[in-house]
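J.: My structure is stored as data-v5.pdb, with PDB, C-alpha atoms (C1' of nucleotides).
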ATOM      1  CA  MET A  48       0.000   0.000   0.000  1.00  0.00           C
ATOM      2  CA  PRO A  49       1.483   3.328  -1.027  1.00  0.00           C
ATOM      3  CA  SER A  50       2.039   6.252   1.292  1.00  0.00           C
ATOM      4  CA  TYR A  51       1.016   9.771   0.367  1.00  0.00           C
ATOM      5  CA  TRP A  52       2.993  13.006   0.358  1.00  0.00           C
ATOM      6  CA  LEU A  53       2.832  16.620  -0.678  1.00  0.00           C
ATOM      7  CA  MET A  54       5.719  18.382  -2.403  1.00  0.00           C
ATOM      8  CA  LYS A  55       5.937  22.100  -3.000  1.00  0.00           C
ATOM      9  CA  SER A  56       7.519  23.912  -5.854  1.00  0.00           C
ATOM     10  CA  GLU A  57       7.496  27.465  -7.011  1.00  0.00           C
ATOM     11  CA  PRO A  58       6.072  27.282 -10.533  1.00  0.00           C
ATOM     12  CA  GLU A  59       8.688  29.759 -11.746  1.00  0.00           C
ATOM     13  CA  THR A  60      11.346  27.284 -10.675  1.00  0.00           C
ATOM     14  CA  TYR A  61       9.732  24.015 -11.690  1.00  0.00           C
ATOM     15  CA  SER A  62       6.029  23.713 -12.387  1.00  0.00           C
ATOM     16  CA  ILE A  63       3.708  20.752 -12.895  1.00  0.00           C
ATOM     17  CA  GLN A  64       3.767  21.706 -16.585  1.00  0.00           C
ATOM     18  CA  ASP A  65       7.549  21.302 -16.553  1.00  0.00           C
ATOM     19  CA  LEU A  66       7.139  17.887 -14.950  1.00  0.00           C
ATOM     20  CA  GLU A  67       4.482  16.899 -17.473  1.00  0.00           C
ATOM     21  CA  ARG A  68       6.846  17.897 -20.278  1.00  0.00           C
ATOM     22  CA  ASP A  69       9.867  16.122 -18.775  1.00  0.00           C
ATOM     23  CA  GLY A  70       7.991  13.021 -17.640  1.00  0.00           C
ATOM     24  CA  ARG A  71      10.170  12.623 -14.579  1.00  0.00           C
ATOM     25  CA  THR A  72      12.624  14.597 -12.527  1.00  0.00           C
ATOM     26  CA  MET A  73      15.148  14.515  -9.705  1.00  0.00           C
ATOM     27  CA  TRP A  74      13.820  16.446  -6.693  1.00  0.00           C
ATOM     28  CA  ASP A  75      17.094  18.241  -6.016  1.00  0.00           C
ATOM     29  CA  GLY A  76      17.835  21.242  -3.852  1.00  0.00           C
ATOM     30  CA  VAL A  77      15.974  20.312  -0.681  1.00  0.00           C
ATOM     31  CA  ARG A  78      18.069  21.737   2.181  1.00  0.00           C
ATOM     32  CA  ASN A  79      15.796  21.202   5.133  1.00  0.00           C
ATOM     33  CA  TYR A  80      16.286  18.197   7.385  1.00  0.00           C
ATOM     34  CA  GLN A  81      12.636  17.480   8.008  1.00  0.00           C
ATOM     35  CA  ALA A  82      11.872  17.559   4.299  1.00  0.00           C
ATOM     36  CA  ARG A  83      14.910  15.381   3.630  1.00  0.00           C
ATOM     37  CA  ASN A  84      13.832  12.874   6.255  1.00  0.00           C
ATOM     38  CA  ASN A  85      10.428  12.633   4.648  1.00  0.00           C
ATOM     39  CA  MET A  86      12.002  11.889   1.277  1.00  0.00           C
ATOM     40  CA  ARG A  87      14.072   9.139   2.847  1.00  0.00           C
ATOM     41  CA  LYS A  88      10.864   7.470   4.005  1.00  0.00           C
ATOM     42  CA  MET A  89       9.393   7.397   0.506  1.00  0.00           C
ATOM     43  CA  LYS A  90       8.923   4.121  -1.315  1.00  0.00           C
ATOM     44  CA  GLU A  91       8.630   3.468  -5.019  1.00  0.00           C
ATOM     45  CA  GLY A  92       4.979   3.845  -5.979  1.00  0.00           C
ATOM     46  CA  ASP A  93       4.130   6.379  -3.278  1.00  0.00           C
ATOM     47  CA  LEU A  94       1.867   9.153  -4.538  1.00  0.00           C
ATOM     48  CA  VAL A  95       2.568  12.864  -4.316  1.00  0.00           C
ATOM     49  CA  LEU A  96       0.325  15.900  -4.383  1.00  0.00           C
ATOM     50  CA  TYR A  97       2.145  18.531  -6.407  1.00  0.00           C
ATOM     51  CA  TYR A  98       1.714  21.992  -4.937  1.00  0.00           C
ATOM     52  CA  HIS A  99       2.535  25.409  -6.369  1.00  0.00           C
ATOM     53  CA  SER A 100       3.704  27.874  -3.729  1.00  0.00           C
ATOM     54  CA  ARG A 101       4.225  31.599  -4.201  1.00  0.00           C
ATOM     55  CA  GLN A 102       1.709  31.860  -6.968  1.00  0.00           C
ATOM     56  CA  ASP A 103      -1.706  33.457  -6.848  1.00  0.00           C
ATOM     57  CA  PRO A 104      -3.498  31.490  -5.611  1.00  0.00           C
ATOM     58  CA  PRO A 105      -1.212  28.866  -4.092  1.00  0.00           C
ATOM     59  CA  ALA A 106      -2.736  25.497  -5.029  1.00  0.00           C
ATOM     60  CA  ALA A 107      -2.456  21.739  -5.357  1.00  0.00           C
ATOM     61  CA  VAL A 108      -2.078  21.375  -9.094  1.00  0.00           C
ATOM     62  CA  GLY A 109      -1.456  17.733  -9.829  1.00  0.00           C
ATOM     63  CA  GLN A 110      -0.250  14.331  -8.919  1.00  0.00           C
ATOM     64  CA  ALA A 111       3.106  12.567  -9.202  1.00  0.00           C
ATOM     65  CA  LYS A 112       4.577   9.215  -8.259  1.00  0.00           C
ATOM     66  CA  VAL A 113       7.846   8.197  -6.609  1.00  0.00           C
ATOM     67  CA  VAL A 114       9.852   6.213  -9.150  1.00  0.00           C
ATOM     68  CA  ARG A 115      13.241   6.051  -7.427  1.00  0.00           C
ATOM     69  CA  GLU A 116      13.846   5.888  -3.704  1.00  0.00           C
ATOM     70  CA  ALA A 117      16.223   8.175  -1.834  1.00  0.00           C
ATOM     71  CA  TYR A 118      19.806   8.611  -3.031  1.00  0.00           C
ATOM     72  CA  PRO A 119      22.356  11.384  -2.433  1.00  0.00           C
ATOM     73  CA  ASP A 120      21.517  14.710  -4.061  1.00  0.00           C
ATOM     74  CA  PRO A 121      24.391  15.221  -6.541  1.00  0.00           C
ATOM     75  CA  THR A 122      24.098  19.014  -6.412  1.00  0.00           C
ATOM     76  CA  GLN A 123      25.533  19.067  -2.865  1.00  0.00           C
ATOM     77  CA  PHE A 124      28.924  17.983  -4.312  1.00  0.00           C
ATOM     78  CA  ASP A 125      28.900  20.435  -7.207  1.00  0.00           C
ATOM     79  CA  GLU A 126      30.797  23.596  -6.379  1.00  0.00           C
ATOM     80  CA  LYS A 127      29.104  25.413  -9.218  1.00  0.00           C
ATOM     81  CA  SER A 128      25.634  24.586  -7.991  1.00  0.00           C
ATOM     82  CA  ARG A 129      23.671  26.970  -5.818  1.00  0.00           C
ATOM     83  CA  TYR A 130      22.898  23.900  -3.726  1.00  0.00           C
ATOM     84  CA  PHE A 131      26.573  23.092  -3.076  1.00  0.00           C
ATOM     85  CA  ASP A 132      27.262  22.136   0.538  1.00  0.00           C
ATOM     86  CA  ALA A 133      30.905  22.233   1.641  1.00  0.00           C
ATOM     87  CA  LYS A 134      30.103  20.139   4.693  1.00  0.00           C
ATOM     88  CA  ALA A 135      28.823  17.232   2.622  1.00  0.00           C
ATOM     89  CA  SER A 136      31.036  14.526   1.118  1.00  0.00           C
ATOM     90  CA  GLU A 137      30.502  11.519  -1.130  1.00  0.00           C
ATOM     91  CA  GLU A 138      31.329   9.277   1.842  1.00  0.00           C
ATOM     92  CA  ASP A 139      28.982  11.151   4.121  1.00  0.00           C
ATOM     93  CA  PRO A 140      26.225  12.857   2.140  1.00  0.00           C
ATOM     94  CA  ARG A 141      23.929  15.245   3.942  1.00  0.00           C
ATOM     95  CA  TRP A 142      21.190  15.667   1.387  1.00  0.00           C
ATOM     96  CA  TRP A 143      19.061  13.039  -0.302  1.00  0.00           C
ATOM     97  CA  LEU A 144      16.418  13.139  -2.966  1.00  0.00           C
ATOM     98  CA  VAL A 145      13.957  10.972  -4.857  1.00  0.00           C
ATOM     99  CA  ASP A 146      12.900  10.845  -8.484  1.00  0.00           C
ATOM    100  CA  ILE A 147       9.259  11.499  -9.250  1.00  0.00           C
ATOM    101  CA  GLU A 148       7.194  10.935 -12.363  1.00  0.00           C
ATOM    102  CA  TRP A 149       4.287  12.989 -13.642  1.00  0.00           C
ATOM    103  CA  VAL A 150       0.913  11.302 -13.208  1.00  0.00           C
ATOM    104  CA  GLU A 151      -1.693  13.995 -13.733  1.00  0.00           C
ATOM    105  CA  THR A 152      -2.233  17.722 -13.973  1.00  0.00           C
ATOM    106  CA  PHE A 153      -5.503  18.488 -12.211  1.00  0.00           C
ATOM    107  CA  PRO A 154      -8.393  19.673 -14.409  1.00  0.00           C
ATOM    108  CA  SER A 155      -9.075  22.302 -11.749  1.00  0.00           C
ATOM    109  CA  PRO A 156      -6.350  23.098  -9.206  1.00  0.00           C
ATOM    110  CA  VAL A 157      -7.360  23.125  -5.555  1.00  0.00           C
ATOM    111  CA  ALA A 158      -6.493  26.483  -4.006  1.00  0.00           C
ATOM    112  CA  LEU A 159      -5.024  26.696  -0.528  1.00  0.00           C
ATOM    113  CA  SER A 160      -8.043  28.755   0.561  1.00  0.00           C
ATOM    114  CA  ASP A 161     -10.328  25.872  -0.478  1.00  0.00           C
ATOM    115  CA  ILE A 162      -8.159  23.382   1.404  1.00  0.00           C
ATOM    116  CA  LYS A 163      -8.306  25.596   4.485  1.00  0.00           C
ATOM    117  CA  SER A 164     -12.067  25.911   4.348  1.00  0.00           C
ATOM    118  CA  GLU A 165     -12.566  22.139   4.085  1.00  0.00           C
ATOM    119  CA  SER A 166     -12.942  20.841   7.652  1.00  0.00           C
ATOM    120  CA  ALA A 167     -11.846  17.304   6.681  1.00  0.00           C
ATOM    121  CA  LEU A 168      -8.482  18.804   5.660  1.00  0.00           C
ATOM    122  CA  GLY A 169      -7.906  20.813   8.823  1.00  0.00           C
ATOM    123  CA  ASP A 170      -5.149  18.487  10.061  1.00  0.00           C
ATOM    124  CA  MET A 171      -3.059  18.718   6.905  1.00  0.00           C
ATOM    125  CA  VAL A 172       0.529  19.773   7.576  1.00  0.00           C
ATOM    126  CA  LEU A 173       0.069  22.305   4.798  1.00  0.00           C
ATOM    127  CA  VAL A 174      -2.522  24.110   6.886  1.00  0.00           C
ATOM    128  CA  ASN A 175      -0.555  23.970  10.132  1.00  0.00           C
ATOM    129  CA  ASN A 176       3.090  24.323   9.101  1.00  0.00           C
ATOM    130  CA  SER A 177       3.194  26.366   5.976  1.00  0.00           C
ATOM    131  CA  ARG A 178       6.966  26.108   5.568  1.00  0.00           C
ATOM    132  CA  LEU A 179       7.664  22.393   5.223  1.00  0.00           C
ATOM    133  CA  SER A 180       8.257  21.653   1.545  1.00  0.00           C
ATOM    134  CA  VAL A 181       7.994  17.846   1.660  1.00  0.00           C
ATOM    135  CA  GLN A 182       5.300  16.602   3.983  1.00  0.00           C
ATOM    136  CA  PRO A 183       3.213  13.505   4.704  1.00  0.00           C
ATOM    137  CA  VAL A 184      -0.454  13.425   3.697  1.00  0.00           C
ATOM    138  CA  LYS A 185      -3.109  10.969   4.821  1.00  0.00           C
ATOM    139  CA  LYS A 186      -4.799   8.816   2.186  1.00  0.00           C
ATOM    140  CA  ALA A 187      -8.183  10.342   3.062  1.00  0.00           C
ATOM    141  CA  GLU A 188      -6.714  13.831   2.614  1.00  0.00           C
ATOM    142  CA  PHE A 189      -5.107  12.906  -0.679  1.00  0.00           C
ATOM    143  CA  ASP A 190      -8.382  11.410  -1.943  1.00  0.00           C
ATOM    144  CA  ARG A 191     -10.381  14.418  -0.782  1.00  0.00           C
ATOM    145  CA  VAL A 192      -8.097  16.877  -2.570  1.00  0.00           C
ATOM    146  CA  ARG A 193      -8.197  14.700  -5.667  1.00  0.00           C
ATOM    147  CA  THR A 194     -11.991  14.751  -5.599  1.00  0.00           C
ATOM    148  CA  MET A 195     -12.013  18.537  -5.192  1.00  0.00           C
ATOM    149  CA  ALA A 196      -9.829  18.775  -8.279  1.00  0.00           C
ATOM    150  CA  GLY A 197     -12.667  17.397 -10.386  1.00  0.00           C
ATOM    151  CA  GLY A 198     -12.325  15.806 -13.810  1.00  0.00           C
TER     152      GLY A 198
ATOM    153  C1'  DG Q 194       7.263  43.519  -1.890  1.00  0.00           C
ATOM    154  C1'  DC Q 195       6.420  42.923   3.024  1.00  0.00           C
ATOM    155  C1'  DC Q 196       7.077  40.507   6.960  1.00  0.00           C
ATOM    156  C1'  DA Q 197       5.843  36.684  10.341  1.00  0.00           C
ATOM    157  C1'  DA Q 198       7.231  32.254  11.276  1.00  0.00           C
ATOM    158  C1'  DC Q 199      10.529  29.132  11.185  1.00  0.00           C
ATOM    159  C1'  DG Q 200      15.241  26.947  10.766  1.00  0.00           C
ATOM    160  C1'  DT Q 201      20.223  27.305  11.158  1.00  0.00           C
ATOM    161  C1'  DT Q 202      24.588  29.106  12.707  1.00  0.00           C
ATOM    162  C1'  DG Q 203      27.959  30.252  15.805  1.00  0.00           C
ATOM    163  C1'  DG Q 204      29.775  32.981  19.856  1.00  0.00           C
ATOM    164  C1'  DC Q 205      29.809  32.544  24.481  1.00  0.00           C
TER     165       DC Q 205
ATOM    166  C1'  DG T 244      23.522  24.158  25.476  1.00  0.00           C
ATOM    167  C1'  DC T 245      21.577  28.797  25.191  1.00  0.00           C
ATOM    168  C1'  DC T 246      20.064  32.224  22.377  1.00  0.00           C
ATOM    169  C1'  DA T 247      20.852  36.364  19.305  1.00  0.00           C
ATOM    170  C1'  DA T 248      21.588  37.166  14.701  1.00  0.00           C
ATOM    171  C1'  DC T 249      20.809  35.944  10.374  1.00  0.00           C
ATOM    172  C1'  DG T 250      18.714  33.673   6.241  1.00  0.00           C
ATOM    173  C1'  DT T 251      14.715  31.566   3.973  1.00  0.00           C
ATOM    174  C1'  DT T 252       9.993  30.387   3.038  1.00  0.00           C
ATOM    175  C1'  DG T 253       5.716  31.460   1.467  1.00  0.00           C
ATOM    176  C1'  DG T 254       1.005  33.610   2.333  1.00  0.00           C
ATOM    177  C1'  DC T 255      -0.851  37.816   1.759  1.00  0.00           C
TER     178       DC T 255
END
Rewrite the structure from the file as structure tokens, please.
T.:
Amino acid sequence: MPSYWLMKSEPETYSIQDLERDGRTMWDGVRNYQARNNMRKMKEGDLVLYYHSRQDPPAAVGQAKVVREAYPDPTQFDEKSRYFDAKASEEDPRWWLVDIEWVETFPSPVALSDIKSESALGDMVLVNNSRLSVQPVKKAEFDRVRTMAGG
DNA sequence: GCCAACGTTGGC
DNA sequence: GCCAACGTTGGC
């Protein structure tokens, strides 16, 4: 049985349309331990709500699937990368990532305001800790958001 | 673009 | 190990 997650991205950086075009991507650049730890718990086949932050309105915009379990984020070793981390080494990586694959772009995105006004979604991490960029979601929450997205 | 909330760093 | 200073996130 898959687990469910929510991953945030600023659409200007990497949108659901970019993921749809690319098919799959490496979720690099996460530099928060809690978010990293969540990625390390992910299993192949887990499902992800794709969320656009810092857009108007912020919204859940689609669905993705974990296709490769956690491995070291190569950008932490790349001095030219903005994600370079001098304290990380190949022997002792700090940052991990997963690969995800596009599943669906929602026919109608579910705005944060709609999520907040849905009482069944009141316990979502999204509603209570707005900063965590990779977070667990309950199956019932995932299904509810999917239903609200129509189509 | 502002700024509150949160996370991290580093001096002590 | 505390906590002030700083940096980042992300809703508004």
J.: Taking only C-alpha atoms (C1' of nucleotides) into account, which residues of chain Q are within 9 Å of chain A, as a list in words?
T.: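 Result, ordered by chain then number: DA198, DC199 and DG200 of chain Q.
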J.: Do a neighbour search on A:Gln123 at 9 Å with only C-alpha atoms (C1' of nucleotides), toss out local chain neighbours closer than 6 positions, and write the hits as a list in words.
T.: Gly76, Arg129, Tyr130, Phe131, Asp132, Ala133, Lys134, Ala135, Ser136, Pro140, Arg141 and Trp142 of chain A
J.: Suppose a student applies the PyMOL selection byres ((chain A and resi 190) around 12) to this structure; what residues should they get, written as a count of residues only?
T.: 21
J.: A:Ser62: which residues within 10 Å, counting all atoms listed in the file, same-chain residues fewer than 2 positions away excluded, as a list in words?
T.: Lys55, Ser56, Glu57, Pro58, Glu59, Thr60, Gln64, Asp65, Leu66, Glu67, Arg68, Tyr97, Tyr98, His99, Ser100, Val108 and Gly109 of chain A
J.: If I take atom CA of A:Val113 and atom CA of A:Val172, how far is one from the other in Å, to one decimal?
T.: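 Between these atoms lies a distance of 19.7 Å.
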J.: Under the PyMOL selection byres ((chain A and resi 75) around 9), which residues of this model are included? Write them out as a list in words.
T.: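 So the PyMOL selection byres ((chain A and resi 75) around 9), applied here, picks out Thr72, Met73, Trp74, Gly76, Val77, Arg78, Asp120, Pro121, Thr122, Tyr130, Trp142, Trp143, Leu144, Val145 and Asp146 of chain A.
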J.: What does the file look like for those residues with C-alpha atoms, as a compact mmCIF listing (two decimals), in the frame of the given file?
T.:
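Result saved to out_33.txt:
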# COMPACT_ATOMS: atom_id res chain seq x y z
CA THR A 72 12.62 14.60 -12.53
CA MET A 73 15.15 14.52 -9.70
CA TRP A 74 13.82 16.45 -6.69
CA GLY A 76 17.84 21.24 -3.85
CA VAL A 77 15.97 20.31 -0.68
CA ARG A 78 18.07 21.74 2.18
CA ASP A 120 21.52 14.71 -4.06
CA PRO A 121 24.39 15.22 -6.54
CA THR A 122 24.10 19.01 -6.41
CA TYR A 130 22.90 23.90 -3.73
CA TRP A 142 21.19 15.67 1.39
CA TRP A 143 19.06 13.04 -0.30
CA LEU A 144 16.42 13.14 -2.97
CA VAL A 145 13.96 10.97 -4.86
CA ASP A 146 12.90 10.84 -8.48
J.: Extract, using all atoms listed in the file, all DNA, RNA and protein residues at most 12 Å from Q:DC205, discarding same-chain residues fewer than 6 positions from it, and format them as an mmCIF file with C-alpha atoms (C1' of nucleotides), keeping the file's coordinate frame.
T.:
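Heads up, here's the output in part_23.cif:
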data_model
loop_
_atom_site.group_PDB
_atom_site.id
_atom_site.type_symbol
_atom_site.label_atom_id
_atom_site.label_comp_id
_atom_site.auth_asym_id
_atom_site.auth_seq_id
_atom_site.Cartn_x
_atom_site.Cartn_y
_atom_site.Cartn_z
ATOM 1 C "C1'" DG T 244 23.522 24.158 25.476
ATOM 2 C "C1'" DC T 245 21.577 28.797 25.191
ATOM 3 C "C1'" DC T 246 20.064 32.224 22.377
ATOM 4 C "C1'" DA T 247 20.852 36.364 19.305
#
J.: If you measure from atom CA of A:Met54 to atom CA of A:Phe124, what distance in Å do you get, rounded to one decimal?
T.: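 Calculated distance between atom CA of A:Met54 and atom CA of A:Phe124 is 23.3 Å.
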J.: Could you tell me how far atom CA of A:Leu159 lies from atom CA of A:Arg87, in Å and to one decimal?
T.: 26.2 Å
J.: Applying 10 Å and all atoms listed in the file, which residues near A:Asp69 remain after dropping the ones on its own chain fewer than 6 positions away? List them as a list in words.
T.: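 Contacts, in chain order: Ile63, Glu148 and Trp149 of chain A.
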J.: Would you compute, for all listed atoms of stretch 245-253 of chain T, the axis-aligned bounding box grown by 3 Å on each side, and then report its centre and edge lengths in Å rounded to one decimal, as JSON?
T.:
{"center_x": 13.7, "center_y": 33.0, "center_z": 13.3, "size_x": 21.9, "size_y": 14.4, "size_z": 29.7}
